[in-house]
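As provided, structure.csv (CSV, N, CA and C atoms) reads as follows.
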chain,number,residue,atom,x,y,z
O,25,MET,N,-31.6,54.7,-48.1
O,25,MET,CA,-30.4,54.5,-47.3
O,25,MET,C,-30.0,53.0,-47.2
O,26,SER,N,-28.8,52.7,-47.6
O,26,SER,CA,-28.5,51.3,-47.6
O,26,SER,C,-27.8,50.9,-46.3
O,27,ARG,N,-27.9,49.7,-45.9
O,27,ARG,CA,-27.3,49.2,-44.7
O,27,ARG,C,-26.0,48.6,-45.0
O,28,ALA,N,-25.0,49.0,-44.2
O,28,ALA,CA,-23.6,48.4,-44.4
O,28,ALA,C,-23.6,47.0,-43.8
O,29,ARG,N,-22.9,46.2,-44.5
O,29,ARG,CA,-22.8,44.8,-44.0
O,29,ARG,C,-21.4,44.6,-43.4
O,30,THR,N,-21.4,43.9,-42.3
O,30,THR,CA,-20.1,43.5,-41.6
O,30,THR,C,-20.0,42.0,-41.5
O,31,ARG,N,-18.9,41.5,-41.8
O,31,ARG,CA,-18.6,40.1,-41.7
O,31,ARG,C,-17.6,39.9,-40.6
O,32,ILE,N,-17.9,39.0,-39.7
O,32,ILE,CA,-17.0,38.7,-38.5
O,32,ILE,C,-16.6,37.3,-38.7
O,33,ARG,N,-15.3,37.1,-38.6
O,33,ARG,CA,-14.8,35.7,-38.6
O,33,ARG,C,-14.3,35.3,-37.2
O,34,TRP,N,-14.8,34.3,-36.7
O,34,TRP,CA,-14.5,33.9,-35.3
O,34,TRP,C,-13.5,32.8,-35.4
O,35,ASN,N,-12.3,33.0,-34.8
O,35,ASN,CA,-11.3,32.0,-34.8
O,35,ASN,C,-11.0,31.6,-33.3
O,36,GLY,N,-12.0,31.4,-32.6
O,36,GLY,CA,-11.9,31.1,-31.2
O,36,GLY,C,-11.2,29.8,-30.9
O,37,ASP,N,-11.5,28.8,-31.7
O,37,ASP,CA,-10.8,27.5,-31.5
O,37,ASP,C,-9.3,27.6,-31.7
O,38,ALA,N,-8.9,28.3,-32.8
O,38,ALA,CA,-7.5,28.5,-33.1
O,38,ALA,C,-6.8,29.3,-32.0
O,39,VAL,N,-7.5,30.3,-31.5
O,39,VAL,CA,-6.9,31.2,-30.4
O,39,VAL,C,-6.7,30.3,-29.2
O,40,LEU,N,-7.7,29.5,-28.8
O,40,LEU,CA,-7.5,28.7,-27.6
O,40,LEU,C,-6.4,27.7,-27.8
O,41,LYS,N,-6.3,27.1,-29.0
O,41,LYS,CA,-5.2,26.1,-29.3
O,41,LYS,C,-3.9,26.8,-29.1
O,42,ASN,N,-3.7,28.0,-29.7
O,42,ASN,CA,-2.5,28.7,-29.6
O,42,ASN,C,-2.1,29.1,-28.2
O,43,ALA,N,-3.1,29.6,-27.5
O,43,ALA,CA,-2.9,30.0,-26.1
O,43,ALA,C,-2.5,28.8,-25.2
O,44,ARG,N,-3.1,27.7,-25.5
O,44,ARG,CA,-2.7,26.4,-24.7
O,44,ARG,C,-1.3,26.0,-25.0
O,45,ALA,N,-0.9,26.1,-26.3
O,45,ALA,CA,0.4,25.7,-26.7
O,45,ALA,C,1.4,26.7,-26.1
O,46,GLY,N,1.1,27.9,-26.0
O,46,GLY,CA,2.0,28.9,-25.3
O,46,GLY,C,2.1,28.6,-23.8
O,47,ALA,N,1.0,28.3,-23.2
O,47,ALA,CA,1.0,27.9,-21.8
O,47,ALA,C,1.9,26.7,-21.5
O,48,VAL,N,1.8,25.7,-22.4
O,48,VAL,CA,2.7,24.5,-22.2
O,48,VAL,C,4.1,24.9,-22.3
O,49,ARG,N,4.5,25.7,-23.3
O,49,ARG,CA,5.9,26.2,-23.5
O,49,ARG,C,6.3,27.0,-22.3
O,50,GLY,N,5.4,27.9,-21.8
O,50,GLY,CA,5.7,28.7,-20.6
O,50,GLY,C,5.9,27.8,-19.4
O,51,LEU,N,5.1,26.8,-19.2
O,51,LEU,CA,5.2,25.9,-18.0
O,51,LEU,C,6.5,25.2,-18.1
O,52,ARG,N,6.9,24.8,-19.3
O,52,ARG,CA,8.2,24.0,-19.5
O,52,ARG,C,9.4,25.0,-19.1
O,53,LEU,N,9.3,26.2,-19.6
O,53,LEU,CA,10.4,27.2,-19.3
O,53,LEU,C,10.4,27.5,-17.8
O,54,GLY,N,9.2,27.7,-17.2
O,54,GLY,CA,9.2,28.0,-15.8
O,54,GLY,C,9.7,26.8,-15.0
O,55,ALA,N,9.4,25.6,-15.3
O,55,ALA,CA,9.8,24.4,-14.6
O,55,ALA,C,11.4,24.3,-14.7
O,56,GLU,N,11.9,24.5,-15.9
O,56,GLU,CA,13.3,24.4,-16.1
O,56,GLU,C,14.0,25.5,-15.4
O,57,HIS,N,13.4,26.7,-15.3
O,57,HIS,CA,14.0,27.8,-14.6
O,57,HIS,C,14.1,27.4,-13.1
O,58,LEU,N,13.0,26.9,-12.5
O,58,LEU,CA,13.0,26.5,-11.1
O,58,LEU,C,14.1,25.4,-10.9
O,59,LEU,N,14.1,24.5,-11.8
O,59,LEU,CA,15.1,23.4,-11.6
O,59,LEU,C,16.5,24.0,-11.6
O,60,ALA,N,16.8,24.9,-12.5
O,60,ALA,CA,18.2,25.5,-12.5
O,60,ALA,C,18.5,26.2,-11.2
O,61,GLU,N,17.5,27.0,-10.8
O,61,GLU,CA,17.7,27.8,-9.5
O,61,GLU,C,17.9,26.9,-8.3
O,62,SER,N,17.1,25.8,-8.3
O,62,SER,CA,17.2,24.9,-7.1
O,62,SER,C,18.5,24.1,-7.1
O,63,ARG,N,19.0,23.8,-8.3
O,63,ARG,CA,20.3,23.1,-8.4
O,63,ARG,C,21.5,23.9,-7.8
O,64,THR,N,21.3,25.2,-7.7
O,64,THR,CA,22.4,26.0,-7.1
O,64,THR,C,22.4,25.9,-5.6
O,65,GLU,N,21.3,25.4,-5.0
O,65,GLU,CA,21.2,25.3,-3.6
O,65,GLU,C,21.2,23.9,-3.1
O,66,VAL,N,20.9,22.9,-3.9
O,66,VAL,CA,20.8,21.5,-3.5
O,66,VAL,C,22.1,21.1,-2.8
O,67,PRO,N,22.1,20.4,-1.7
O,67,PRO,CA,23.3,19.9,-1.0
O,67,PRO,C,24.0,18.9,-1.9
O,68,ILE,N,25.3,19.0,-1.9
O,68,ILE,CA,26.1,18.1,-2.8
O,68,ILE,C,27.0,17.3,-1.9
O,69,ALA,N,26.9,16.0,-2.0
O,69,ALA,CA,27.9,15.1,-1.4
O,69,ALA,C,28.7,14.4,-2.5
O,70,GLU,N,27.9,13.7,-3.3
O,70,GLU,CA,28.5,13.0,-4.5
O,70,GLU,C,27.8,13.6,-5.8
O,71,GLY,N,26.8,14.4,-5.7
O,71,GLY,CA,26.1,14.9,-6.8
O,71,GLY,C,24.9,14.1,-7.3
O,72,THR,N,24.6,13.0,-6.6
O,72,THR,CA,23.5,12.1,-7.0
O,72,THR,C,22.2,12.9,-6.8
O,73,LEU,N,22.0,13.6,-5.7
O,73,LEU,CA,20.7,14.3,-5.5
O,73,LEU,C,20.5,15.3,-6.6
O,74,GLU,N,21.6,16.1,-6.8
O,74,GLU,CA,21.5,17.2,-7.9
O,74,GLU,C,21.1,16.6,-9.2
O,75,ARG,N,21.8,15.5,-9.6
O,75,ARG,CA,21.5,14.9,-10.9
O,75,ARG,C,20.1,14.3,-11.0
O,76,SER,N,19.5,14.0,-9.9
O,76,SER,CA,18.2,13.3,-9.9
O,76,SER,C,17.1,14.3,-10.2
O,77,GLY,N,17.4,15.6,-10.2
O,77,GLY,CA,16.4,16.7,-10.4
O,77,GLY,C,15.8,16.6,-11.8
O,78,VAL,N,14.5,16.8,-11.9
O,78,VAL,CA,13.8,16.7,-13.2
O,78,VAL,C,12.6,17.7,-13.2
O,79,ALA,N,12.4,18.3,-14.4
O,79,ALA,CA,11.3,19.2,-14.6
O,79,ALA,C,10.3,18.5,-15.5
O,80,THR,N,9.0,18.4,-15.2
O,80,THR,CA,8.1,17.8,-16.0
O,80,THR,C,6.9,18.7,-16.2
O,81,VAL,N,6.1,18.4,-17.3
O,81,VAL,CA,4.9,19.2,-17.6
O,81,VAL,C,3.8,18.2,-18.0
O,82,ASP,N,2.7,18.3,-17.4
O,82,ASP,CA,1.5,17.5,-17.7
O,82,ASP,C,0.7,18.4,-18.7
O,83,GLU,N,0.9,18.2,-20.0
O,83,GLU,CA,0.2,19.1,-21.0
O,83,GLU,C,-1.3,19.0,-20.9
O,84,GLN,N,-1.8,17.9,-20.6
O,84,GLN,CA,-3.3,17.7,-20.6
O,84,GLN,C,-3.9,18.6,-19.5
O,85,ASN,N,-3.3,18.6,-18.3
O,85,ASN,CA,-3.8,19.4,-17.2
O,85,ASN,C,-3.2,20.7,-17.0
O,86,LEU,N,-2.2,21.1,-17.8
O,86,LEU,CA,-1.4,22.3,-17.7
O,86,LEU,C,-0.9,22.5,-16.3
O,87,VAL,N,-0.1,21.5,-15.9
O,87,VAL,CA,0.6,21.5,-14.6
O,87,VAL,C,2.0,21.1,-14.8
O,88,ALA,N,2.9,21.9,-14.1
O,88,ALA,CA,4.3,21.6,-14.2
O,88,ALA,C,4.8,21.2,-12.8
O,89,GLY,N,5.9,20.4,-12.8
O,89,GLY,CA,6.5,20.1,-11.5
O,89,GLY,C,8.0,19.9,-11.6
O,90,VAL,N,8.6,20.1,-10.5
O,90,VAL,CA,10.1,19.9,-10.4
O,90,VAL,C,10.3,19.0,-9.2
O,91,SER,N,11.0,17.9,-9.4
O,91,SER,CA,11.2,17.0,-8.3
O,91,SER,C,12.7,16.4,-8.3
O,92,TYR,N,13.0,15.9,-7.1
O,92,TYR,CA,14.3,15.2,-7.0
O,92,TYR,C,14.0,13.8,-6.6
O,93,ASP,N,14.6,12.9,-7.2
O,93,ASP,CA,14.2,11.5,-7.1
O,93,ASP,C,15.3,10.6,-6.5
O,94,THR,N,15.5,10.8,-5.2
O,94,THR,CA,16.4,9.8,-4.5
O,94,THR,C,15.6,9.4,-3.3
O,95,PRO,N,16.0,8.3,-2.7
O,95,PRO,CA,15.2,7.9,-1.4
O,95,PRO,C,15.4,8.9,-0.3
O,96,TYR,N,16.4,9.7,-0.3
O,96,TYR,CA,16.6,10.7,0.8
O,96,TYR,C,16.3,12.1,0.4
O,97,ALA,N,15.8,12.4,-0.7
O,97,ALA,CA,15.6,13.8,-1.2
O,97,ALA,C,14.7,14.6,-0.2
O,98,ALA,N,13.6,14.0,0.2
O,98,ALA,CA,12.6,14.7,1.1
O,98,ALA,C,13.3,14.9,2.4
O,99,ARG,N,14.0,14.0,2.9
O,99,ARG,CA,14.6,14.1,4.2
O,99,ARG,C,15.7,15.3,4.2
O,100,VAL,N,16.5,15.3,3.2
O,100,VAL,CA,17.5,16.3,3.0
O,100,VAL,C,16.8,17.7,2.9
O,101,HIS,N,15.7,17.7,2.1
O,101,HIS,CA,15.0,19.0,1.9
O,101,HIS,C,14.4,19.6,3.2
O,102,GLU,N,14.0,18.7,4.0
O,102,GLU,CA,13.3,19.1,5.3
O,102,GLU,C,14.1,19.3,6.5
O,103,ASP,N,15.3,18.7,6.5
O,103,ASP,CA,16.2,18.7,7.7
O,103,ASP,C,16.9,20.0,7.8
O,104,LEU,N,16.4,20.9,8.6
O,104,LEU,CA,16.9,22.2,8.8
O,104,LEU,C,18.2,22.2,9.8
O,105,THR,N,18.4,21.1,10.4
O,105,THR,CA,19.5,21.0,11.4
O,105,THR,C,20.8,20.4,10.7
O,106,ALA,N,20.7,19.9,9.5
O,106,ALA,CA,21.9,19.3,8.8
O,106,ALA,C,22.8,20.4,8.4
O,107,ARG,N,24.1,20.1,8.4
O,107,ARG,CA,25.1,21.1,7.9
O,107,ARG,C,25.5,20.7,6.5
O,108,HIS,N,25.6,21.8,5.6
O,108,HIS,CA,25.9,21.6,4.2
O,108,HIS,C,27.0,22.5,3.8
O,109,SER,N,27.6,22.2,2.7
O,109,SER,CA,28.6,23.1,2.1
O,109,SER,C,28.1,24.5,1.9
O,110,PRO,N,29.0,25.5,1.9
O,110,PRO,CA,28.5,26.9,1.8
O,110,PRO,C,27.7,27.1,0.5
O,111,GLY,N,26.5,27.8,0.7
O,111,GLY,CA,25.6,28.0,-0.4
O,111,GLY,C,24.6,26.9,-0.7
O,112,ARG,N,24.8,25.8,0.0
O,112,ARG,CA,23.9,24.6,-0.1
O,112,ARG,C,23.1,24.5,1.1
O,113,LYS,N,21.9,24.1,1.0
O,113,LYS,CA,21.0,24.1,2.2
O,113,LYS,C,19.8,23.2,2.0
O,114,ALA,N,19.1,23.1,3.2
O,114,ALA,CA,17.8,22.5,3.1
O,114,ALA,C,16.8,23.4,2.5
O,115,LYS,N,15.6,23.0,2.1
O,115,LYS,CA,14.6,23.8,1.5
O,115,LYS,C,15.1,24.3,0.1
O,116,PHE,N,16.0,23.5,-0.5
O,116,PHE,CA,16.6,23.8,-1.8
O,116,PHE,C,15.6,23.9,-3.0
O,117,LEU,N,14.4,23.4,-2.8
O,117,LEU,CA,13.4,23.5,-3.8
O,117,LEU,C,12.3,24.5,-3.4
O,118,GLU,N,11.9,24.5,-2.2
O,118,GLU,CA,10.9,25.3,-1.7
O,118,GLU,C,11.3,26.8,-1.7
O,119,ASP,N,12.5,27.1,-1.3
O,119,ASP,CA,12.9,28.5,-1.2
O,119,ASP,C,13.0,29.1,-2.6
O,120,PRO,N,13.6,28.5,-3.6
O,120,PRO,CA,13.7,29.0,-5.0
O,120,PRO,C,12.3,29.1,-5.6
O,121,ALA,N,11.4,28.2,-5.3
O,121,ALA,CA,10.0,28.3,-5.8
O,121,ALA,C,9.3,29.5,-5.3
O,122,ASN,N,9.5,29.8,-4.0
O,122,ASN,CA,8.8,31.0,-3.5
O,122,ASN,C,9.5,32.3,-4.0
O,123,ARG,N,10.8,32.3,-4.1
O,123,ARG,CA,11.6,33.5,-4.5
O,123,ARG,C,11.4,33.7,-6.0
O,124,GLU,N,11.2,32.7,-6.8
O,124,GLU,CA,11.1,32.9,-8.3
O,124,GLU,C,9.7,32.8,-8.8
O,125,ALA,N,8.7,32.8,-8.0
O,125,ALA,CA,7.3,32.7,-8.4
O,125,ALA,C,6.9,33.7,-9.4
O,126,ALA,N,7.3,35.0,-9.2
O,126,ALA,CA,6.9,36.0,-10.1
O,126,ALA,C,7.6,35.9,-11.5
O,127,VAL,N,8.9,35.5,-11.4
O,127,VAL,CA,9.6,35.2,-12.7
O,127,VAL,C,9.0,34.1,-13.5
O,128,ILE,N,8.6,33.0,-12.8
O,128,ILE,CA,8.0,31.9,-13.5
O,128,ILE,C,6.7,32.3,-14.1
O,129,GLY,N,5.9,33.1,-13.3
O,129,GLY,CA,4.6,33.6,-13.8
O,129,GLY,C,4.8,34.4,-15.1
O,130,GLU,N,5.8,35.2,-15.1
O,130,GLU,CA,6.1,36.0,-16.3
O,130,GLU,C,6.6,35.2,-17.5
O,131,LEU,N,7.4,34.2,-17.2
O,131,LEU,CA,7.8,33.3,-18.3
O,131,LEU,C,6.6,32.6,-19.0
O,132,ILE,N,5.6,32.2,-18.2
O,132,ILE,CA,4.4,31.6,-18.7
O,132,ILE,C,3.6,32.6,-19.5
O,133,ALA,N,3.4,33.8,-18.8
O,133,ALA,CA,2.6,34.8,-19.5
O,133,ALA,C,3.2,35.3,-20.8
O,134,ALA,N,4.5,35.4,-20.9
O,134,ALA,CA,5.2,35.8,-22.1
O,134,ALA,C,5.0,34.8,-23.2
O,135,GLN,N,5.0,33.6,-22.9
O,135,GLN,CA,4.8,32.5,-23.9
O,135,GLN,C,3.4,32.5,-24.4
O,136,VAL,N,2.4,32.8,-23.5
O,136,VAL,CA,1.0,32.9,-24.0
O,136,VAL,C,0.8,34.1,-24.9
O,137,ARG,N,1.4,35.2,-24.4
O,137,ARG,CA,1.3,36.4,-25.3
O,137,ARG,C,1.9,36.2,-26.6
O,138,ARG,N,3.1,35.6,-26.7
O,138,ARG,CA,3.8,35.3,-27.9
O,138,ARG,C,2.9,34.4,-28.8
O,139,ALA,N,2.3,33.4,-28.2
O,139,ALA,CA,1.5,32.5,-29.0
O,139,ALA,C,0.2,33.2,-29.6
O,140,LEU,N,-0.3,34.1,-28.9
O,140,LEU,CA,-1.5,34.8,-29.3
O,140,LEU,C,-1.2,35.8,-30.4
O,141,ARG,N,0.0,36.3,-30.5
O,141,ARG,CA,0.4,37.3,-31.5
O,141,ARG,C,0.5,36.6,-32.9
O,142,GLY,N,1.0,35.4,-32.9
O,142,GLY,CA,1.3,34.7,-34.2
O,142,GLY,C,0.3,33.8,-34.6
Could the structure of this file be written out as structure tokens, please?
Amino acid sequence: MSRARTRIRWNGDAVLKNARAGAVRGLRLGAEHLLAESRTEVPIAEGTLERSGVATVDEQNLVAGVSYDTPYAARVHEDLTARHSPGRKAKFLEDPANREAAVIGELIAAQVRRALRG
């Protein structure tokens, strides 16, 4: 009786590289999605605050962020007593982040799955 031989080829490094690339793409898409959602709620006086919004991805640490960069961004975000135009409000970043968390998670997961297929 002869013994069958099986050969296994391990592509672990390539798989990890592809998964990481997918995660970076997903983080970028998720951050851009959050930025777009928050821009629909950010208070507008002259548009400076809205234009200061930016989505960034730290590819090394797999961390994404969305921020608004004006001296008054944090104050406007936290001041629940301020009056704004209809549809515009305080917590313009926090509320969309909480509301869209599942969507953002799915955007990331979809990119990882896509990267692992190809």
Surrounding residues of Gly111 in chain O excluding itself and chain neighbours under 4 positions, 6.5 Å, all atoms listed in the file, as a list in words: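 Residues meeting the cut-off are Thr64, Glu65 and Val66 of chain O.
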Atom-to-atom span, CA of Arg107 in chain O and CA of Pro67 in chain O, Å: 9.2 Å
Contact residues around Ala45 in chain O with only N, CA and C atoms at 8 Å, ignoring same-chain residues under 6 positions, as an MDAnalysis selection string: chainID O and resid 39 51 135:136 139
Nearest candidate to Leu58 in chain O (options O:Ser91, O:Ser109, O:Asn85, O:Asn42; using only C-alpha atoms):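 Distance minimum relative to Leu58 in chain O lands on O:Ser91.
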Shell of 8 Å around Leu53 in chain O, only C-alpha atoms, local chain residues under 2 positions omitted, as a compact mmCIF listing (two decimals) with N, CA and C atoms, in the coordinates of the input:
# COMPACT_ATOMS: atom_id res chain seq x y z
N ARG O 49 4.50 25.70 -23.30
CA ARG O 49 5.90 26.20 -23.50
C ARG O 49 6.30 27.00 -22.30
N GLY O 50 5.40 27.90 -21.80
CA GLY O 50 5.70 28.70 -20.60
C GLY O 50 5.90 27.80 -19.40
N LEU O 51 5.10 26.80 -19.20
CA LEU O 51 5.20 25.90 -18.00
C LEU O 51 6.50 25.20 -18.10
N ALA O 55 9.40 25.60 -15.30
CA ALA O 55 9.80 24.40 -14.60
C ALA O 55 11.40 24.30 -14.70
N GLU O 56 11.90 24.50 -15.90
CA GLU O 56 13.30 24.40 -16.10
C GLU O 56 14.00 25.50 -15.40
N HIS O 57 13.40 26.70 -15.30
CA HIS O 57 14.00 27.80 -14.60
C HIS O 57 14.10 27.40 -13.10
N ILE O 128 8.60 33.00 -12.80
CA ILE O 128 8.00 31.90 -13.50
C ILE O 128 6.70 32.30 -14.10
N LEU O 131 7.40 34.20 -17.20
CA LEU O 131 7.80 33.30 -18.30
C LEU O 131 6.60 32.60 -19.00
N ILE O 132 5.60 32.20 -18.20
CA ILE O 132 4.40 31.60 -18.70
C ILE O 132 3.60 32.60 -19.50
Chain O: residues DSSP assigns to alpha helix (DSSP H), reported as a ChimeraX atom specification: /O:36-63,72-75,97-102,118-123,125-141
Residue neighbourhood range 93-105 of chain O, 5 Å, all atoms listed in the file, exclusion window fewer than 3 positions, as a list of chain:residue names: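 Skipping anything fewer than 3 positions along the chain leaves O:Ser76, O:Gly77, O:Ala114, O:Lys115.
Among the candidates O:Gly71, O:Pro110, O:Gly46, O:Pro120, the one nearest to Ala133 in chain O when counting all atoms listed in the file is O:Gly46.
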Point-to-point distance from CA of Leu86 in chain O to CA of Val48 in chain O, Å rounded to tenths: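 Computed distance, CA of Leu86 in chain O to CA of Val48 in chain O, equals 6.5 Å.
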One-decimal distance in Å that lies between atom N of Ala47 in chain O and atom C of Gln84 in chain O: 11.5 Å
Proximity to Gly89 in chain O - best of O:Leu59, O:Val127, O:Ile32, O:Ala134, all atoms listed in the file: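 The closest residue to Gly89 in chain O is O:Leu59.
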Option closest in space to Arg52 in chain O, from O:His108, O:Glu124, O:Val87, O:Arg137 [counting only N, CA and C atoms]: O:Val87
